[in-house]
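Below is one structure, written out as structure tokens; the observations come after it.
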Amino acid sequence: MAIVSTKGAYGLTAMIVLAKEEDGKKLLQIKDIASKGDIPQNYLEQILVLLKKAALVESVRGSNGGYRLSKPTSEISVFEILNSLECCMAQTDNKSNNNMLEAFWQDTQEKIKGIFSLSLKELEEFLEQDSQNIIYHI
């Protein structure tokens with residue numbers, strides 16, 4: 001069943017941090033991503049390796065190097081991000097090989113894909129809209 005771990009949550013946060021920097025085109029160093037996303041730097045390094053392997057981010061070496069998105073935010077889905085970090089987001093552990101429930105598991109998998117099908121751009125817009133609806137009381 002789909003469960004988003006800390007790795008998935010941190011990875012999604014890192015991608016949002018990168019997306020906010022000139023729509024993902026500006027290079028950010030790991031320490032800056034970690035700071036802005038409140039992510040442990042050592043853990044972030046491991047996450048960025050996986051995101052790079054999935055071709056979702058690219059890196060540039062050197063003193064002015066860093067990480068940036070490898071494609072526009074409208075072309076990166078939340079599902080892609082989470083699936084690259086969580087491994088098999090929409091798969092169920094059906095060890096019993098019970099064919100009676102096969103249709104149910106297939107339907108569940110499709111619903112999970114649908115839930116996470118929004119793009120990184122759409123997620124950004126949702127988060128911006130949601131933060132505008134916050135009312136502070138003193």
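Ordered as shown in the structure tokens, chains take letters A, B, and onward, while each chain numbers its residues from 1 and ligands are numbered from 1 in the order shown.
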
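Secondary structure by DSSP on the backbone puts the following residues of chain A in strand (DSSP E or B): A:Leu28, A:Val57, A:Glu58, A:Ser59, A:Val60, A:Gly66, A:Tyr67, A:Arg68, A:Leu69, A:Ser77, A:Ser119.
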
I'd like the contact shell of A:Gly8 - 7 Å cut-off, only C-alpha atoms, skipping same-chain residues fewer than 6 positions apart - returned as a list of chain:residue names.
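Contacts, in chain order: A:Leu82, A:Leu85, A:Glu86.
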
For the residues in the current selection, export N, CA, C and O atoms as a compact mmCIF listing (two decimals), in the first residue's frame.
```
# COMPACT_ATOMS: atom_id res chain seq x y z
N LEU A 82 7.85 10.89 -5.99
CA LEU A 82 7.67 9.91 -4.91
C LEU A 82 8.05 8.50 -5.35
O LEU A 82 8.67 7.76 -4.59
N LEU A 85 11.72 7.84 -5.20
CA LEU A 85 12.28 7.76 -3.85
C LEU A 85 11.70 6.60 -3.04
O LEU A 85 12.39 6.02 -2.20
N GLU A 86 10.45 6.31 -3.24
CA GLU A 86 9.76 5.30 -2.43
C GLU A 86 9.81 3.91 -3.06
O GLU A 86 9.50 2.93 -2.39
```

*Can you list, as a ChimeraX atom specification, all residues belonging to chain A that DSSP tags as alpha helix (DSSP H)?*
/A:6-20,30-37,41-53,78-86,102-115,120-132

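Residue nearest A:Val60 within the list A:Met15, A:Ala34, A:Leu44, A:Leu28: A:Leu28 [criterion: smallest interatomic distance, only C-alpha atoms].
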
Considering only C-alpha atoms, can you say which of A:Ile81, A:Met100, A:Leu27, A:Ile33 comes closest to A:Gly65?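 Closest to A:Gly65 of all the choices is A:Leu27.
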
* Between atom CA of A:Leu48 and atom CA of A:Ser84, measure the distance and give it in Å to one decimal. =>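 These two atoms are separated by 10.6 Å.
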
As an exercise, work out the distance from atom CA of A:Lys7 to atom CA of A:Ile47 in Å and give it to one decimal place.
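Separation between atom CA of A:Lys7 and atom CA of A:Ile47: 7.0 Å.
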
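Closest approach to A:Ile76 among A:Gln129, A:Leu56, A:Asp23, A:Leu123: A:Leu56, based on only C-alpha atoms.
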
Taken to one decimal, the atom CA of A:Lys71-atom CA of A:Ile16 distance is 13.2 Å

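With only C-alpha atoms as the atoms that count, the residue of A:Asn83, A:Val4, A:Ser70, A:Asp38 with the shortest distance to A:Lys52 is A:Ser70.
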
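For the choices A:Gly66, A:Asp32, A:Val78, A:Gly114, the atom-to-atom distance to A:Leu12 is smallest for A:Val78 when using only C-alpha atoms.
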
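Nearest to A:Glu22 of all the residues A:Lys113, A:Glu80, A:Glu122, A:Thr73 is A:Thr73, counting only C-alpha atoms.
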
#### Entry: Residues within 7 Å of A:Val57, only C-alpha atoms, excluding chain neighbours under 6 positions, as number ranges by chain
A: 51, 67-70
